[in-house]
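Have a look at protein.cif below; it lists mmCIF, C-alpha atoms and all ligand atoms.
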```
data_run
loop_
_atom_site.group_PDB
_atom_site.id
_atom_site.type_symbol
_atom_site.label_atom_id
_atom_site.label_comp_id
_atom_site.auth_asym_id
_atom_site.auth_seq_id
_atom_site.Cartn_x
_atom_site.Cartn_y
_atom_site.Cartn_z
ATOM 1 C CA MET A 1 131.572 -59.081 171.722
ATOM 2 C CA GLU A 2 128.109 -57.617 171.473
ATOM 3 C CA PHE A 3 127.250 -55.891 168.259
ATOM 4 C CA ARG A 4 126.858 -52.182 168.905
ATOM 5 C CA LEU A 5 125.607 -49.284 166.847
ATOM 6 C CA THR A 6 127.659 -46.160 166.320
ATOM 7 C CA SER A 7 126.573 -43.152 168.277
ATOM 8 C CA PHE A 8 125.708 -41.551 164.951
ATOM 9 C CA ILE A 9 123.315 -44.338 164.019
ATOM 10 C CA LYS A 10 121.907 -44.385 167.552
ATOM 11 C CA TYR A 11 121.238 -40.697 167.299
ATOM 12 C CA ILE A 12 119.441 -41.117 163.988
ATOM 13 C CA LEU A 13 117.471 -44.061 165.355
ATOM 14 C CA ASN A 14 116.451 -42.286 168.502
ATOM 15 C CA SER A 15 115.485 -39.104 166.806
ATOM 16 C CA VAL A 16 113.845 -40.390 163.667
ATOM 17 C CA LEU A 17 113.264 -44.120 163.341
ATOM 18 C CA TYR A 18 111.496 -44.763 166.597
ATOM 19 C CA VAL A 19 109.000 -42.096 165.709
ATOM 20 C CA ILE A 20 108.296 -43.631 162.326
ATOM 21 C CA TYR A 21 108.669 -47.339 163.081
ATOM 22 C CA PRO A 22 107.654 -49.413 166.091
ATOM 23 C CA SER A 23 110.665 -50.410 168.232
ATOM 24 C CA LYS A 24 110.454 -54.054 167.090
ATOM 25 C CA LEU A 25 110.879 -54.068 163.340
ATOM 26 C CA SER A 26 109.473 -56.694 161.065
ATOM 27 C CA CYS A 27 111.594 -58.404 158.442
ATOM 28 C CA ILE A 28 111.647 -56.403 155.200
ATOM 29 C CA ILE A 29 111.570 -59.624 153.179
ATOM 30 C CA CYS A 30 108.957 -61.844 154.835
ATOM 31 C CA ASP A 31 107.346 -59.598 157.454
ATOM 32 C CA ASN A 32 108.114 -61.979 160.343
ATOM 33 C CA GLU A 33 109.556 -60.547 163.539
ATOM 34 C CA ALA A 34 113.055 -59.208 162.907
ATOM 35 C CA VAL A 35 116.182 -59.951 164.946
ATOM 36 C CA GLU A 36 116.481 -57.202 167.548
ATOM 37 C CA GLY A 37 118.168 -54.093 166.186
ATOM 38 C CA ILE A 38 118.087 -55.115 162.522
ATOM 39 C CA SER A 39 115.435 -55.357 159.820
ATOM 40 C CA LEU A 40 115.685 -59.034 158.861
ATOM 41 C CA CYS A 41 114.406 -62.145 160.637
ATOM 42 C CA GLN A 42 116.886 -64.907 161.512
ATOM 43 C CA GLU A 43 115.583 -67.131 158.727
ATOM 44 C CA CYS A 44 116.206 -64.456 156.089
ATOM 45 C CA VAL A 45 119.656 -63.705 157.545
ATOM 46 C CA ASN A 46 120.473 -67.427 157.224
ATOM 47 C CA LYS A 47 119.305 -67.444 153.605
ATOM 48 C CA ILE A 48 121.788 -64.750 152.512
ATOM 49 C CA PRO A 49 124.409 -66.538 150.399
ATOM 50 C CA ILE A 50 127.896 -65.966 151.795
ATOM 51 C CA CYS A 51 130.710 -65.188 149.375
ATOM 52 C CA LYS A 52 133.437 -67.322 150.885
ATOM 53 C CA ASP A 53 136.196 -66.884 148.339
ATOM 54 C CA GLU A 54 138.742 -64.154 148.294
ATOM 55 C CA PHE A 55 139.233 -62.487 144.919
ATOM 56 C CA PHE A 56 141.597 -59.933 143.444
ATOM 57 C CA ILE A 57 141.210 -56.684 141.532
ATOM 58 C CA LYS A 58 143.926 -56.338 138.860
ATOM 59 C CA GLU A 59 145.614 -59.345 140.513
ATOM 60 C CA GLU A 60 146.753 -56.998 143.275
ATOM 61 C CA LEU A 61 144.018 -55.793 145.576
ATOM 62 C CA GLU A 62 142.752 -58.606 147.807
ATOM 63 C CA CYS A 63 139.003 -58.483 148.369
ATOM 64 C CA ARG A 64 136.313 -60.163 150.349
ATOM 65 C CA SER A 65 132.587 -59.645 150.002
ATOM 66 C CA VAL A 66 129.879 -60.623 152.432
ATOM 67 C CA SER A 67 127.491 -61.706 149.689
ATOM 68 C CA TYR A 68 126.273 -60.949 146.159
ATOM 69 C CA TYR A 69 124.203 -58.066 144.819
ATOM 70 C CA SER A 70 120.877 -59.879 144.864
ATOM 71 C CA TYR A 71 118.003 -60.929 147.122
ATOM 72 C CA ALA A 72 117.894 -59.257 150.548
ATOM 73 C CA MET A 73 121.272 -57.537 150.103
ATOM 74 C CA LYS A 74 120.096 -55.587 147.073
ATOM 75 C CA GLU A 75 116.891 -54.580 148.849
ATOM 76 C CA LEU A 76 118.821 -53.390 151.923
ATOM 77 C CA ILE A 77 121.393 -51.427 149.905
ATOM 78 C CA LEU A 78 118.768 -49.680 147.785
ATOM 79 C CA ASN A 79 116.719 -48.821 150.887
ATOM 80 C CA PHE A 80 119.775 -47.456 152.649
ATOM 81 C CA LYS A 81 121.341 -45.499 149.782
ATOM 82 C CA TYR A 82 118.348 -44.105 148.010
ATOM 83 C CA LYS A 83 115.531 -44.106 150.578
ATOM 84 C CA LYS A 84 117.749 -43.063 153.508
ATOM 85 C CA ASP A 85 116.456 -46.025 155.514
ATOM 86 C CA PHE A 86 118.980 -46.188 158.351
ATOM 87 C CA SER A 87 117.572 -49.403 159.778
ATOM 88 C CA SER A 88 118.682 -51.050 156.522
ATOM 89 C CA GLY A 89 122.078 -49.386 156.963
ATOM 90 C CA GLU A 90 122.319 -50.744 160.467
ATOM 91 C CA THR A 91 121.355 -54.227 159.237
ATOM 92 C CA LEU A 92 124.088 -54.070 156.591
ATOM 93 C CA GLY A 93 126.576 -52.960 159.239
ATOM 94 C CA TYR A 94 125.562 -55.968 161.346
ATOM 95 C CA LEU A 95 126.054 -58.374 158.412
ATOM 96 C CA LEU A 96 129.449 -56.833 157.646
ATOM 97 C CA TYR A 97 130.512 -57.207 161.258
ATOM 98 C CA LYS A 98 129.339 -60.819 161.487
ATOM 99 C CA TYR A 99 131.228 -61.656 158.294
ATOM 100 C CA TYR A 100 134.393 -59.900 159.455
ATOM 101 C CA GLU A 101 134.283 -61.894 162.687
ATOM 102 C CA ARG A 102 134.863 -65.112 160.720
ATOM 103 C CA TYR A 103 138.365 -64.027 159.738
ATOM 104 C CA GLU A 104 139.711 -62.004 162.640
ATOM 105 C CA GLU A 105 142.350 -60.210 160.630
ATOM 106 C CA ILE A 106 144.116 -57.352 162.355
ATOM 107 C CA TYR A 107 144.012 -53.855 160.909
ATOM 108 C CA ASP A 108 145.423 -50.573 162.211
ATOM 109 C CA ILE A 109 142.950 -48.417 160.333
ATOM 110 C CA ILE A 110 139.597 -48.842 158.608
ATOM 111 C CA THR A 111 138.848 -46.406 155.811
ATOM 112 C CA PHE A 112 136.191 -46.044 153.121
ATOM 113 C CA VAL A 113 135.704 -44.886 149.551
ATOM 114 C CA PRO A 114 135.038 -41.133 149.767
ATOM 115 C CA MET A 115 132.322 -39.233 147.928
ATOM 116 C CA TYR A 116 132.791 -35.980 146.054
ATOM 117 C CA LYS A 117 131.540 -33.095 148.201
ATOM 118 C CA THR A 118 128.543 -32.190 146.040
ATOM 119 C CA ASP A 119 127.454 -35.846 145.882
ATOM 120 C CA TYR A 120 127.839 -36.044 149.651
ATOM 121 C CA LEU A 121 125.727 -32.957 150.182
ATOM 122 C CA LYS A 122 123.068 -34.341 147.859
ATOM 123 C CA ARG A 123 122.780 -37.670 149.698
ATOM 124 C CA GLY A 124 123.576 -36.291 153.140
ATOM 125 C CA PHE A 125 125.767 -39.242 154.133
ATOM 126 C CA ASN A 126 128.348 -41.625 152.737
ATOM 127 C CA GLN A 127 127.035 -45.180 153.027
ATOM 128 C CA GLY A 128 130.585 -46.586 152.979
ATOM 129 C CA GLU A 129 131.591 -44.322 155.847
ATOM 130 C CA ILE A 130 128.627 -45.397 157.977
ATOM 131 C CA LEU A 131 129.438 -49.076 157.367
ATOM 132 C CA ALA A 132 133.118 -48.436 158.171
ATOM 133 C CA ARG A 133 132.177 -46.627 161.397
ATOM 134 C CA ILE A 134 129.818 -49.406 162.540
ATOM 135 C CA LEU A 135 132.585 -51.953 161.935
ATOM 136 C CA GLY A 136 135.273 -49.766 163.515
ATOM 137 C CA GLU A 137 133.243 -49.143 166.632
ATOM 138 C CA ASN A 138 132.454 -52.814 167.114
ATOM 139 C CA LYS A 139 135.984 -54.028 166.405
ATOM 140 C CA LYS A 140 137.699 -51.135 168.223
ATOM 141 C CA VAL A 141 139.674 -50.133 165.144
ATOM 142 C CA LYS A 142 140.072 -46.446 164.281
ATOM 143 C CA VAL A 143 138.198 -45.205 161.249
ATOM 144 C CA MET A 144 139.923 -42.473 159.261
ATOM 145 C CA GLU A 145 139.013 -40.643 156.087
ATOM 146 C CA LEU A 146 142.375 -41.330 154.468
ATOM 147 C CA ILE A 147 141.321 -40.553 150.916
ATOM 148 C CA VAL A 148 139.449 -37.628 149.409
ATOM 149 C CA LYS A 149 137.640 -37.426 146.116
ATOM 150 C CA VAL A 150 138.873 -34.289 144.391
ATOM 151 C CA LYS A 151 137.011 -34.584 141.125
ATOM 152 C CA GLY A 152 133.335 -35.111 140.429
ATOM 153 C CA VAL A 153 132.967 -37.986 137.992
ATOM 154 C CA LYS A 154 130.085 -39.308 135.944
ATOM 155 C CA ASP A 155 128.076 -41.979 137.703
ATOM 156 C CA GLN A 156 129.817 -45.315 137.091
ATOM 157 C CA ILE A 157 126.444 -46.942 136.489
ATOM 158 C CA GLY A 158 125.902 -47.379 132.762
ATOM 159 C CA LEU A 159 129.602 -47.163 131.870
ATOM 160 C CA ASP A 160 131.342 -50.232 130.490
ATOM 161 C CA GLY A 161 134.471 -51.720 132.074
ATOM 162 C CA MET A 162 137.061 -49.606 130.221
ATOM 163 C CA ASN A 163 135.194 -46.338 130.691
ATOM 164 C CA ARG A 164 134.797 -47.022 134.391
ATOM 165 C CA TRP A 165 138.573 -46.977 134.718
ATOM 166 C CA SER A 166 139.258 -43.880 132.599
ATOM 167 C CA ASN A 167 136.368 -41.983 134.195
ATOM 168 C CA LEU A 168 138.233 -42.117 137.504
ATOM 169 C CA GLN A 169 141.628 -40.757 136.444
ATOM 170 C CA GLY A 170 142.834 -38.233 138.999
ATOM 171 C CA ALA A 171 139.644 -38.452 141.042
ATOM 172 C CA PHE A 172 141.229 -39.548 144.355
ATOM 173 C CA GLU A 173 144.004 -38.155 146.523
ATOM 174 C CA ILE A 174 145.370 -38.828 149.986
ATOM 175 C CA ASN A 175 143.763 -36.666 152.652
ATOM 176 C CA GLU A 176 146.468 -34.121 153.525
ATOM 177 C CA LYS A 177 145.471 -34.362 157.186
ATOM 178 C CA TYR A 178 146.456 -38.038 157.437
ATOM 179 C CA LYS A 179 149.311 -38.249 154.930
ATOM 180 C CA ASP A 180 151.799 -39.188 157.651
ATOM 181 C CA SER A 181 149.531 -41.775 159.282
ATOM 182 C CA ILE A 182 149.562 -44.305 156.448
ATOM 183 C CA ALA A 183 153.116 -45.633 156.153
ATOM 184 C CA ASN A 184 153.555 -49.238 157.375
ATOM 185 C CA LYS A 185 149.912 -49.573 158.374
ATOM 186 C CA ASN A 186 147.526 -52.426 157.706
ATOM 187 C CA ILE A 187 144.470 -50.811 156.191
ATOM 188 C CA LEU A 188 141.002 -52.132 155.431
ATOM 189 C CA ILE A 189 138.908 -50.277 152.831
ATOM 190 C CA VAL A 190 135.162 -50.733 153.338
ATOM 191 C CA ASP A 191 132.652 -50.215 150.531
ATOM 192 C CA ASP A 192 129.100 -51.280 149.766
ATOM 193 C CA VAL A 193 129.278 -52.887 146.314
ATOM 194 C CA VAL A 194 132.241 -53.955 144.194
ATOM 195 C CA THR A 195 131.617 -54.265 140.461
ATOM 196 C CA THR A 196 134.761 -53.832 138.325
ATOM 197 C CA GLY A 197 136.586 -52.643 141.426
ATOM 198 C CA ALA A 198 137.841 -49.523 139.587
ATOM 199 C CA THR A 199 136.911 -47.122 142.395
ATOM 200 C CA SER A 200 138.406 -49.170 145.194
ATOM 201 C CA TYR A 201 141.497 -49.914 143.119
ATOM 202 C CA CYS A 202 142.122 -46.161 142.695
ATOM 203 C CA CYS A 203 141.892 -45.751 146.481
ATOM 204 C CA TYR A 204 144.221 -48.716 146.931
ATOM 205 C CA GLN A 205 146.804 -47.113 144.608
ATOM 206 C CA GLN A 206 146.758 -43.912 146.651
ATOM 207 C CA LEU A 207 147.253 -45.780 149.924
ATOM 208 C CA LYS A 208 149.989 -47.892 148.420
ATOM 209 C CA SER A 209 151.917 -44.827 147.193
ATOM 210 C CA ALA A 210 151.583 -43.359 150.671
ATOM 211 C CA GLY A 211 153.446 -46.414 152.027
ATOM 212 C CA ALA A 212 150.676 -48.620 153.461
ATOM 213 C CA LYS A 213 151.949 -52.088 154.394
ATOM 214 C CA LYS A 214 148.884 -54.221 153.693
ATOM 215 C CA ILE A 215 145.641 -53.090 152.084
ATOM 216 C CA LYS A 216 142.495 -55.150 151.736
ATOM 217 C CA LEU A 217 138.983 -54.418 150.538
ATOM 218 C CA LEU A 218 135.855 -55.596 152.325
ATOM 219 C CA THR A 219 132.510 -55.008 150.637
ATOM 220 C CA LEU A 220 128.947 -56.068 151.260
ATOM 221 C CA CYS A 221 128.292 -57.316 147.754
ATOM 222 C CA LYS A 222 130.079 -58.582 144.745
ATOM 223 C CA SER A 223 128.281 -57.576 141.584
ATOM 224 C CA HIS A 224 128.719 -57.851 137.828
ATOM 225 C CA ILE A 225 127.950 -55.240 135.193
HETATM 226 ZN ZN ZN B 301 112.393 -62.694 157.000
#
```
Can the structure in the file be given as structure tokens, please?
Amino acid sequence: MEFRLTSFIKYILNSVLYVIYPSKLSCIICDNEAVEGISLCQECVNKIPICKDEFFIKEELECRSVSYYSYAMKELILNFKYKKDFSSGETLGYLLYKYYERYEEIYDIITFVPMYKTDYLKRGFNQGEILARILGENKKVKVMELIVKVKGVKDQIGLDGMNRWSNLQGAFEINEKYKDSIANKNILIVDDVVTTGATSYCCYQQLKSAGAKKIKLLTLCKSHI
């Protein structure tokens, strides 16, 4: 199947990016001509180390990551999250999709780690949601905001392992709107970076209590504090 962009990303691209950038992008790492539709050249895509092994958070939540938080991945994530560079977002969506294609696991729903409303308003978008929607559109799996963040928490960056867990107590709840759509479903949680996994584990616990059958986490990067 051809890789496609979400209508949201297309809209952003059409209205903003093509004014700022030429239609053929150059690779953000080496400046060579990029693969069509993304901001890396084929050589730099091939150089991204793939994280092949599955790992577990608290010996319970099964996870896969595309790669590690370094090299091109770090550059793309920082550009996307903090510089609002949607061509980097689209590139990350492409890498996520290509990785997912290797496994062909079947999910009923794709969801994402939600942001607290004030954080969302500040950034203007949830990077995890955009990645989930790119994947969902390409794999024809519905994307639903199953979890909501009900408490603003301190930024996890700079907190040690233990504090990352306690900082998140009571921060997530099931979205009332979808509370009856979760039981017996196979659900994939998409996120950008997994560090201790505290945030995604809290989401996992909510989905599990709501009766989800199988829950897995797919992230772009595996990182360490
Ligand atoms: Zn390159």
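Put simply, the PyMOL selection byres (((not hetatm)) within 10 of (chain B and resi 301)) in this file takes in Ser26, Cys27, Ile28, Ile29, Cys30, Asp31, Asn32, Glu33, Ala34, Val35, Ser39, Leu40, Cys41, Gln42, Glu43, Cys44, Val45, Asn46, Lys47 and Ala72 of chain A.
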Limited to C-alpha atoms, could you put the picked residues into a file as an mmCIF file, in the frame of the given file?
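Saved result, selection.cif, follows:
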```cif
data_model
loop_
_atom_site.group_PDB
_atom_site.id
_atom_site.type_symbol
_atom_site.label_atom_id
_atom_site.label_comp_id
_atom_site.auth_asym_id
_atom_site.auth_seq_id
_atom_site.Cartn_x
_atom_site.Cartn_y
_atom_site.Cartn_z
ATOM 1 C CA SER A 26 109.473 -56.694 161.065
ATOM 2 C CA CYS A 27 111.594 -58.404 158.442
ATOM 3 C CA ILE A 28 111.647 -56.403 155.200
ATOM 4 C CA ILE A 29 111.570 -59.624 153.179
ATOM 5 C CA CYS A 30 108.957 -61.844 154.835
ATOM 6 C CA ASP A 31 107.346 -59.598 157.454
ATOM 7 C CA ASN A 32 108.114 -61.979 160.343
ATOM 8 C CA GLU A 33 109.556 -60.547 163.539
ATOM 9 C CA ALA A 34 113.055 -59.208 162.907
ATOM 10 C CA VAL A 35 116.182 -59.951 164.946
ATOM 11 C CA SER A 39 115.435 -55.357 159.820
ATOM 12 C CA LEU A 40 115.685 -59.034 158.861
ATOM 13 C CA CYS A 41 114.406 -62.145 160.637
ATOM 14 C CA GLN A 42 116.886 -64.907 161.512
ATOM 15 C CA GLU A 43 115.583 -67.131 158.727
ATOM 16 C CA CYS A 44 116.206 -64.456 156.089
ATOM 17 C CA VAL A 45 119.656 -63.705 157.545
ATOM 18 C CA ASN A 46 120.473 -67.427 157.224
ATOM 19 C CA LYS A 47 119.305 -67.444 153.605
ATOM 20 C CA ALA A 72 117.894 -59.257 150.548
#
```
Could you tell me which residues the PyMOL selection byres (((chain A and resi 55-63) around 8) and not hetatm) returns for this structure, as a list in words? Asp53, Glu54, Arg64, Ser65, Thr196, Gly197, Tyr201, Tyr204, Ile215, Lys216, Leu217, Leu218 and Thr219 of chain A
Do you know which residues are at most 10 Å from A:Leu95 counting all atoms listed in the file, after dropping those on the same chain fewer than 6 positions away, and could you put them as a list of chain:residue names? A:Ile38, A:Val45, A:Ile48, A:Val66, A:Ser67, A:Met73, A:Gly89, A:Glu101, A:Leu131, A:Leu135, A:Leu220
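With atom CA of A:Lys151 on one side and atom CA of A:Gly93 on the other, the separation reads 27.8 Å.
Reported to one decimal place, the separation of atom CA of A:Arg164 from atom CA of A:Ala212 is 24.9 Å.
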For a quick check of understanding, using all atoms listed in the file, which of A:Arg102, A:Ser166, A:Tyr68, A:Asp192 has the smallest distance to A:Phe80? A:Asp192
Evaluating the PyMOL selection byres (((chain A and resi 143) around 6) and not hetatm) on the displayed file yields which residues, as a PyMOL selection string? chain A and resi 109-111+136+142+144
